[in-house]
Structure formats: structure tokens, C-alpha cells
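Taking it in order: structure first as C-alpha cells, then the write-up.
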Amino acid sequence: MDPDIVPIHGEKSLREDGMLFVRTEGILETMVKTPLLVASLIVVVLMIPIQTSFSSTRTLDLTLYSDGSTHVSAQLDVDPLEPDFEVNLFGPSVDNFVAVGENGFLLSTEIIDDKVTIHTFGSSFITINYDIHDLISKEGRVWTFSLNSTTDYSLLMPPNSIIVGMNALPSNMDLVNEQTKLELNTGLSEINYIFGTTTPPTTTPPTTTPPTTTPPTTTPPTTTPPTTTPEQPIIDISTLSLIGVVITAVIAGVIIMIKRKQTKPSPILQTEVISDSKVNTDSLDTQTIFNMRPEMREDDKEIVKFISENGGQVLESDLRKKFLQPRTTMWRAVKRLERQGVIEISKKDLQNLVKLKKELEKEE
Amino acid sequence: MKTIVSFGLLILVTSIALGGMTSDASAQSDSPLLKIAKRTQEQIYNQISSDSSDEIKRLFTEGTQKINSIEALENDDISYAKEHFLSAMKIFTEISKQLAISNEVPQAEINSMSTEIRNPSNNLQRLQVYVNNLKIIAEKQNVLIDFSESDRLFDEARQQITDHQFVSAMETIYKIKVAIIEINKDLREEASKQEFQRAKKYVQRYIEQLDRLIENTKKQGVTDEIIEKLETGKQNLSSAENPSEIVEEIRKIMVLKNQFELTKNDVLESRVLQAEKSLSRLLVINGVDQTVLIDAKDILQNIKQYLYEGEFDKADKLLNNLIKQLQEIKNSL
């Protein structure tokens with residue numbers, strides 16, 4: 001090392017162990033300014049629509065049949081400036097292909113191998129449906145579904161099928177008419193399944209139970225078919241990300257205020273998003289509501305209870321967070337309650353505020 | 001400026017980090033992962049008998065331990081939950097394969113599977129979905145198509161499957177396919193007529209956009225030769241007589257645009273078209289404030305004017321506002 005070379009910041013800033021220390025006091029105050037905070041948030045929010053640009057898959061739903069075929073249903077955003085649009089199919093063995101434009105009109109198509117050219121003529125989104133026989137293979141009694149998808153998708157397993165292996169992490173699982181429905185992410189997914197029977201095996205059950213080393217609580221039932229109740233869907237990531245950004249912004253804002261005022265400490269880290277928790281004792285109690293609306297669904301009752309526990313009003317986003325429901329599912333539930341006259345919806349800071357009504361009209 | 005960039009990055013990084021955390025939330029101990037793993041465990045357990053090999057039993061114990069590990073995890077041990085899930089599923093896959101090799105499939109299940117293969121109900125279901133799609137399209141296009149024969153055949157096939165007359169059901173399904181060919185023929189004939197009408201409307205919009213492009217290229221001082229080629233392309237497109245010719249002429253224009261790097265505003269033009277379509281859809285929906293829509297129409301005209309004048313930044317800004325406004329109207333419905 002050349003002894004003449006001297007560190008830029010002078011020798012004093014270097015300790016004997018050679019580590020460089022930087023004074024952190026006031027960095028946040030210097031960096032974080034409210035207008036900047038707002039500007040940054042706007043940038044993040046504006047980035048979201050850009051992601052849904054032209055020629056992208058809006059939804060992709062796959063239905064597996066027990067004979068090894070798959071029904072594909074996809075909604076695609078297409079460029080309205082283009083006269084046609086080429087879609088890569090999931091394989092060449094395609095049946096019953098239908099492409100429909102944004103107004104529900106049948107679009108003319110030309111399928112060559114695993115590609116289809118659709119005459120869109122200005123449609124900005126199209127829906128395609130087809131059956132395909134290339135996604136499932138069978139070895140012995142084990143069927144394997146395999147797909148390398150470029151988008152997230154839902155997968156409805158065949159009736160009476162039991163998953164016996166998979167290499168992907170589903171983001172959600174649900175039961176639809178006794179069929180397992182998985183929400184899967186982009187990338188390669190391989191799912192192995194077999195067709196189960198409700199009858200117990202004819203061979204003698206193991207005399208020495210295989211899970212002998214396992215605690216008794218985890219030993220599965222021997223004959224009872226799975227009776228899994230519908231799962232609570234996972235809250236969608238983008239919404240939570242946005243909420244996360246807002247929380248971060250709030251925390252940063254609070255830190256600025258503390259740094260600026262340096263007087264009395266204010267409550268920091270109010271991580272609960274639930275706002276407007278002031279108690280509104282004017283709203284009806286839940287039992288009265290349930291008595292007046294006996295037809296109300298059990299899951300809706302839970303929502304009503306939660307709103308009541310939060311002082312009679314709550315943001316819709318908080319409901320989604322509490323019940324881990326996707327936006328559309330929760331919106332439908334809220335609208336259902338509104339139709340029943342149990343709640344009213346208003347806007348608060350660009351969010352839906354759900355309030356229990358103070359008076360409930362009797363149903364005719 | 002550095003502060004802005006730094007803080008922007010801070011926010012983005014935080015949002016990404018939080019995004020990851022929320023994604024991980026799906027792997028909590030009461031998550032789908034555990035439910036799926038437990039269902040699989042149940043099924044595998046039902047398939048194992050006392051005659052199963054020691055290796056299979058050992059693997060099952062190992063897989064069960066993995067599931068126990070998922071259950072025992074705290075909610076914040078997401079990555080471990082994922083790891084244990086994938087390991088457990090890998091083990092169960094291996095057991096399934098070994099069971100298949102050692103022919104340990106219960107006879108009842110083999111019978112069920114072979115029945116499944118012969119049973120044409122899946123074939124019938126797929127055709128039913130297809131015909132249902134065709135019915136919806138026929139209704140949308142106002143095409144009168146008689147589906148009664150196909151409906152009758154579907155009922156017949158379903159009954160035959162219920163009665164386990166699979167050979168007869170296959171014959172009926174063949175008849176359904178023949179009926180579908182006729183239905184398709186009628187439907188596509190009508191669709192092709194309507195397609196030409198749609199194609200003509202599309203051409204009108206395309207020419208409007210092409211006019212704006214020609215006007216702008218003139219202002220940019222592009223050579224007369226290029227402008228002449230674009231004008232010729234426009235004329236040929238106007239005189240195209242069928243959808244195939246229209247596609248062909250547009251392809252030629254696109255080649256020209258790519259050749260002379262005239263595509264930089266295509267995304268903007270596409271977005272204008274989308275906004276125009278959204279507006280058209282809102283105009284026919286009852287309950288939308290018409291004054292708001294009239295304002296939106298005026299804004300759209302201004303955007304087009306800006307595009308015509310080559311004021312792309314102004315057009316872009318106005319378009320963003322318009323799209324936001326239209327989205328708000330949609331959300332309020």
C-alpha cells in the first residue's frame with residue numbers, strides 16, 4: 001500500500017480497527033420531508049396501473065378433469081391498436097377453442113400447432129376457452145399436472161382427487177363443490193394426485209401403525225374422508241403492500257414530528273390500521289340485528305360482530321385484513337349486508353367506511 | 001434531487017419488503033399449506049397396509065414429522081413452514097410412486113379408476129361447457145340457433161351414463177359433436193358478417209390515428225418519401241374489402257412504422273383507444289351521471305387534439321386524469 005495515500009475524510013474519522021463510523025443523528029430528519037413522502041407514495045401508487053399494461057393475462061383459470069384433460073379459461077388484455085393477437089397455447093392438442101371479444105362477439109381464429117392467431121380488430125380484452133390434453137401425465141396410479149405459467153392462476157382439481165405431492169407453494173386453497181381449488185403463482189408447478197375412494201383399503205390395516213413415532217394428536221383418521229371446511233382466502237398481496245407502505249409512511253411521519261418537536265412524546269408505531277375506533281354506542285347490538293335478520297349468513301354475522309366490537313364502524317380494508325378475504329369477496333359481503341339494511345357504506349379518505357345502521361327496518 | 005431519489009428508493013424498498021412479508025403470511029400454521037399436507041397425509045395413510053415395505057413406513061413417519069414441524073412452528077417461521085411443506089410433499093410423492101410400483105393399490109380403487117377411464121362423462125362435460133359458450137355467443141350476437149336437438153342429446157347421454165351404458169353414451173356424444181359442427185357453421189357465418197362491420201369501425205379509428213401520425217411526422221421534418229408511403233398505406237387500408245385484406249394492409253403500415261421508427265406514440269394511442277372504449281361502455285349504462293360523461297368526452301377530444309398537434313406530454317397528462325376519472329365512475333357503479 002502506498003503510504004502517501006490518505007483517506008479523504010482525514011485520519012481522525014478512522015479508528016484503530018479501520019472501521020468507518022458515520023453520524024446517524026438527524027439523517028431521517030434531513031431526508032424525510034412530508035412533501036417528499038407524499039411524492040414517493042404517489043410514484044408507488046402510479047406504478048401499479050403500469051403493471052397492467054397491454055397484452056397481459058388478466059385471469060387464468062384451469063379446471064382438471066379426471067380423464068387427464070384440462071379446461072383453460074383466460075381473460076387477456078390486448079392492444080386495441082393491433083388487428084390481431086397471437087396467443088401461445090399450453091400445447092398443441094387443443095379442442096373446443098372459443099375466443100370472444102369484449103362485447104361477447106365470437107372472434108375468428110387460426111390455430112397452428114400451439115399458437116392461435118385471433119382477429120381482435122380493436123378489442124381491448126378477449127376471453128378464450130379451450131380444452132387441452134397436454135398438461136397432465138400419468139404414471140401408474142399417480143397423475144401429474146405440470147405447468148410453467150407466466151401468470152398467477154387458479155386450479156380446480158378433479159372431483160375425488162387427492163394431492164399426494166407438489167413442488168409449488170399455493171397461495172390459497174379452497175373447496176368448491178367438494179373439489180379442491182388452489183391458487184398458484186407464476187413459475188413451474190407440478191402437482192401429483194391420485195383418485196381416492198371413500199371405502200377403506202381391502203388389505204389389512206397396518207398392525208404396527210406407521211406413524212408410531214408420531215404424537216397421537218397428529219395421527220390422521222383412518223377411514224373418515226377429508227372434511228375440510230372452506231378456507232379463509234389469503235388477503236391479496238398488493239393491497240397489503242399498499243397498506244404496508246402507508247404504515248411505513250405514517251411511522252416516518254411520526255418520527256419527523258418527534259424529531260421536530262422534541263417536546264412531549266407522542267404515541268409511535270400505531271400499527272393497527274383500524275381507525276375510527278371511537279365507540280359509537282348508538283348502533284344496534286348484534287343480537288338484535290341477528291334476530292331481525294334471521295336469514296343472515298354465518299360469515300356475515302361474524303362481520304357484523306367485528307364491526308360492532310369496533311364501535312359500530314370499520315374500514316372495509318380492515319374487514320379484509322381481519323377475515324383474510326379477497327377484495328371482491330369482502331365487497332360482495334359488504335354489499336349483501338347493505339342490501340339487508342344492516343350497514344351503510346360511506347367514503348373516508350378514499351376508503352370505504354362500513355357503519356352499522358342505528359335503526360334497522362323490519363323486513364317485509 | 002438526491003434526497004428525493006433516496007427517499008423514493010426507501011419507500012420502494014420498504015414496500016417490496018412488506019410485500020414479501022404479506023406473501024409469507026400464506027404459510028402460517030393454519031394456512032393452506034398445512035391443510036393440503038394433512039389431507040395428503042390422510043390419504044397416504046389410508047393406502048399403507050401392514051404389508052407395505054419398511055421403507056414406505058419410514059418415509060411416512062418422516063413425512064408426518066415434517067407436518068408436525070409445520071404445526072409446531074410459530075407464525076413468524078414462515079420460511080421453515082414452506083421448507084417443511086415442500087419436504088413433506090416430496091416424501092409423500094415418493095411414497096405414492098413406491099406404492100404404485102409395489103402394486104399396493106386397493107382393488108376397489110383400481111375398479112374405480114378403470115371405470116373412470118371408460119366413463120365418457122368428462123367428455124360430455126367438456127362438450128357441455130363448449131355448447132354453453134356457444135349459446136351465450138349466439139344470444140349476444142342475436143343469432144337464432146336451434147339448440148333443442150343438442151340439448152336433447154345431452155340429456156340422453158347423461159341418462160346413458162347414469163345407467164352405465166357407456167358405449168351408447170359414446171355414440172350419443174358422437175351425435176352431439178355432429179350437431180355442434182352445424183351449430184358452429186351457422187354461428188361463424190353470422191360472426192364473419194359482424195366481424196367485417198367491426199373491422200370497418202376499427203379501420204376508421206386506425207385511420208384517425210394514422211392521420212395524427214402523418215401530421216406529426218410532417219412537423220418533425222420527416223422526408224416526403226416516408227410521408228408518401230404512409231399516405232399510400234392509408235389509402236390501401238381505406239379500400240380494403242375484407243378482414244384479411246385489412247389485416248394485411250395494417251401489417252404493411254406497421255412494417256413502415258417500425259422501419260422509420262414511428263412507433264414511439266403507439267402506447268399512448270392504444271391507451272387513448274382503451275379510454276374511448278371505456279367511455280363508450282359507460283355511456284350505455286343507466287345510472288351514470290351524463291354530465292360527467294359529457295365532460296369526459298370533451299377531455300378525450302382535447303387529448304386527440306393534443307396528439308394531433310404533437311403535444312404528447314400534455315396528452316399523456318390529460319389521459320391519466322381521464323383514465324382515473326373513468327375508473328372512479330366504474331368503481332361507483
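Chain labels run A, B, ... following the order of the C-alpha cells; each chain numbers its residues from 1, and ligands are numbered from 1 in the order shown.
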Subject >> Asn160 of chain A environment, 8 Å, only C-alpha atoms, sequence neighbours closer than 4 positions dropped, as an MDAnalysis selection string >> reply: chainID A and resid 178:179 195:197
Save out the residues we just selected, N, CA, C and O atoms, as a short mmCIF file (atom, residue, chain, number, x, y, z; two decimals), in the first residue's frame.
data_model
loop_
_atom_site.label_atom_id
_atom_site.label_comp_id
_atom_site.auth_asym_id
_atom_site.auth_seq_id
_atom_site.Cartn_x
_atom_site.Cartn_y
_atom_site.Cartn_z
N GLU A 178 -66.91 -29.60 -3.23
CA GLU A 178 -66.10 -30.77 -2.83
C GLU A 178 -64.85 -30.96 -3.68
O GLU A 178 -64.19 -31.98 -3.61
N GLN A 179 -64.55 -29.99 -4.52
CA GLN A 179 -63.32 -30.06 -5.31
C GLN A 179 -62.31 -29.06 -4.74
O GLN A 179 -62.68 -27.94 -4.41
N PHE A 195 -56.68 -40.66 -7.43
CA PHE A 195 -58.10 -40.62 -7.16
C PHE A 195 -58.40 -41.47 -5.94
O PHE A 195 -58.10 -42.67 -5.93
N GLY A 196 -58.93 -40.85 -4.92
CA GLY A 196 -59.19 -41.55 -3.68
C GLY A 196 -60.54 -42.21 -3.68
O GLY A 196 -61.39 -41.95 -4.53
N THR A 197 -60.71 -43.11 -2.76
CA THR A 197 -62.00 -43.76 -2.59
C THR A 197 -62.43 -43.54 -1.16
O THR A 197 -61.60 -43.38 -0.27
#
Original post:
Skipping near chain neighbours, those fewer than 2 positions away, what residues fall within 12 Å of Lys317 of chain B using only C-alpha atoms, listed as a PyMOL selection string?
Top reply: chain B and resi 268+272+299-300+302-303+306-307+311-315+319-324
With N, CA, C and O atoms kept, could you save the residues just selected as a PDB file, in the first residue's frame?
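Done, and the output landed in result35.pdb:
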ATOM      1  N   LEU B 268     -49.327   5.317 -26.277  1.00  0.00           N
ATOM      2  CA  LEU B 268     -50.231   6.409 -25.926  1.00  0.00           C
ATOM      3  C   LEU B 268     -51.534   6.296 -26.727  1.00  0.00           C
ATOM      4  O   LEU B 268     -52.635   6.432 -26.185  1.00  0.00           O
ATOM      5  N   VAL B 272     -55.379   5.713 -25.462  1.00  0.00           N
ATOM      6  CA  VAL B 272     -56.490   6.595 -25.854  1.00  0.00           C
ATOM      7  C   VAL B 272     -57.660   5.742 -26.345  1.00  0.00           C
ATOM      8  O   VAL B 272     -58.822   5.966 -25.982  1.00  0.00           O
ATOM      9  N   ILE B 299     -62.849  15.925 -22.743  1.00  0.00           N
ATOM     10  CA  ILE B 299     -61.434  15.710 -22.408  1.00  0.00           C
ATOM     11  C   ILE B 299     -60.782  14.814 -23.458  1.00  0.00           C
ATOM     12  O   ILE B 299     -59.658  15.062 -23.904  1.00  0.00           O
ATOM     13  N   LEU B 300     -61.532  13.795 -23.868  1.00  0.00           N
ATOM     14  CA  LEU B 300     -60.998  12.867 -24.874  1.00  0.00           C
ATOM     15  C   LEU B 300     -60.696  13.609 -26.185  1.00  0.00           C
ATOM     16  O   LEU B 300     -59.660  13.368 -26.834  1.00  0.00           O
ATOM     17  N   ASN B 302     -59.972  16.734 -26.444  1.00  0.00           N
ATOM     18  CA  ASN B 302     -58.777  17.562 -26.202  1.00  0.00           C
ATOM     19  C   ASN B 302     -57.509  16.733 -26.319  1.00  0.00           C
ATOM     20  O   ASN B 302     -56.502  17.183 -26.865  1.00  0.00           O
ATOM     21  N   ILE B 303     -57.573  15.504 -25.777  1.00  0.00           N
ATOM     22  CA  ILE B 303     -56.394  14.614 -25.839  1.00  0.00           C
ATOM     23  C   ILE B 303     -56.034  14.358 -27.302  1.00  0.00           C
ATOM     24  O   ILE B 303     -54.868  14.434 -27.709  1.00  0.00           O
ATOM     25  N   TYR B 306     -54.428  17.306 -28.804  1.00  0.00           N
ATOM     26  CA  TYR B 306     -53.016  17.396 -28.373  1.00  0.00           C
ATOM     27  C   TYR B 306     -52.152  16.429 -29.171  1.00  0.00           C
ATOM     28  O   TYR B 306     -51.040  16.761 -29.597  1.00  0.00           O
ATOM     29  N   LEU B 307     -52.672  15.233 -29.368  1.00  0.00           N
ATOM     30  CA  LEU B 307     -51.910  14.235 -30.131  1.00  0.00           C
ATOM     31  C   LEU B 307     -51.698  14.725 -31.566  1.00  0.00           C
ATOM     32  O   LEU B 307     -50.628  14.561 -32.150  1.00  0.00           O
ATOM     33  N   GLU B 311     -48.427  17.461 -29.066  1.00  0.00           N
ATOM     34  CA  GLU B 311     -48.218  17.806 -27.647  1.00  0.00           C
ATOM     35  C   GLU B 311     -48.424  16.544 -26.814  1.00  0.00           C
ATOM     36  O   GLU B 311     -49.422  16.390 -26.107  1.00  0.00           O
ATOM     37  N   PHE B 312     -47.452  15.644 -26.879  1.00  0.00           N
ATOM     38  CA  PHE B 312     -47.643  14.320 -26.284  1.00  0.00           C
ATOM     39  C   PHE B 312     -47.650  14.353 -24.755  1.00  0.00           C
ATOM     40  O   PHE B 312     -48.388  13.607 -24.121  1.00  0.00           O
ATOM     41  N   ASP B 313     -46.837  15.208 -24.171  1.00  0.00           N
ATOM     42  CA  ASP B 313     -46.790  15.271 -22.710  1.00  0.00           C
ATOM     43  C   ASP B 313     -48.127  15.742 -22.149  1.00  0.00           C
ATOM     44  O   ASP B 313     -48.643  15.183 -21.181  1.00  0.00           O
ATOM     45  N   LYS B 314     -48.665  16.774 -22.806  1.00  0.00           N
ATOM     46  CA  LYS B 314     -49.964  17.290 -22.348  1.00  0.00           C
ATOM     47  C   LYS B 314     -51.037  16.218 -22.518  1.00  0.00           C
ATOM     48  O   LYS B 314     -51.898  16.026 -21.656  1.00  0.00           O
ATOM     49  N   ALA B 315     -50.972  15.536 -23.680  1.00  0.00           N
ATOM     50  CA  ALA B 315     -51.956  14.483 -23.952  1.00  0.00           C
ATOM     51  C   ALA B 315     -51.858  13.384 -22.899  1.00  0.00           C
ATOM     52  O   ALA B 315     -52.877  12.902 -22.386  1.00  0.00           O
ATOM     53  N   LEU B 319     -54.680  12.356 -20.326  1.00  0.00           N
ATOM     54  CA  LEU B 319     -55.176  10.980 -20.443  1.00  0.00           C
ATOM     55  C   LEU B 319     -55.150  10.274 -19.087  1.00  0.00           C
ATOM     56  O   LEU B 319     -56.088   9.556 -18.738  1.00  0.00           O
ATOM     57  N   ASN B 320     -54.084  10.505 -18.325  1.00  0.00           N
ATOM     58  CA  ASN B 320     -54.006   9.897 -16.985  1.00  0.00           C
ATOM     59  C   ASN B 320     -55.177  10.351 -16.126  1.00  0.00           C
ATOM     60  O   ASN B 320     -55.794   9.549 -15.422  1.00  0.00           O
ATOM     61  N   ASN B 321     -55.490  11.654 -16.211  1.00  0.00           N
ATOM     62  CA  ASN B 321     -56.624  12.174 -15.435  1.00  0.00           C
ATOM     63  C   ASN B 321     -57.927  11.533 -15.892  1.00  0.00           C
ATOM     64  O   ASN B 321     -58.773  11.168 -15.079  1.00  0.00           O
ATOM     65  N   LEU B 322     -58.064  11.409 -17.210  1.00  0.00           N
ATOM     66  CA  LEU B 322     -59.308  10.854 -17.753  1.00  0.00           C
ATOM     67  C   LEU B 322     -59.480   9.401 -17.313  1.00  0.00           C
ATOM     68  O   LEU B 322     -60.572   8.994 -16.889  1.00  0.00           O
ATOM     69  N   ILE B 323     -58.407   8.635 -17.406  1.00  0.00           N
ATOM     70  CA  ILE B 323     -58.486   7.215 -17.019  1.00  0.00           C
ATOM     71  C   ILE B 323     -58.863   7.092 -15.544  1.00  0.00           C
ATOM     72  O   ILE B 323     -59.691   6.264 -15.166  1.00  0.00           O
ATOM     73  N   LYS B 324     -58.274   7.949 -14.743  1.00  0.00           N
ATOM     74  CA  LYS B 324     -58.581   7.936 -13.299  1.00  0.00           C
ATOM     75  C   LYS B 324     -60.061   8.256 -13.070  1.00  0.00           C
ATOM     76  O   LYS B 324     -60.742   7.604 -12.292  1.00  0.00           O
TER      77      LYS B 324
END
**OP:** Apply DSSP to the backbone of this structure and, from segment 115-321 of chain B, keep only the residues in helix (DSSP H, G or I); write these as a ChimeraX atom specification.
**Re:** /B:115-118,121-140,148-162,166-219,224-238,243-259,266-283,290-309,312-321
Subject >> d(atom CA of Glu156 of chain B, atom CA of Ile136 of chain B) in Å >> reply: 22.3 Å
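Rounded to one decimal, atom CA of Leu210 of chain B and atom CA of Ile246 of chain B lie 14.2 Å from each other.
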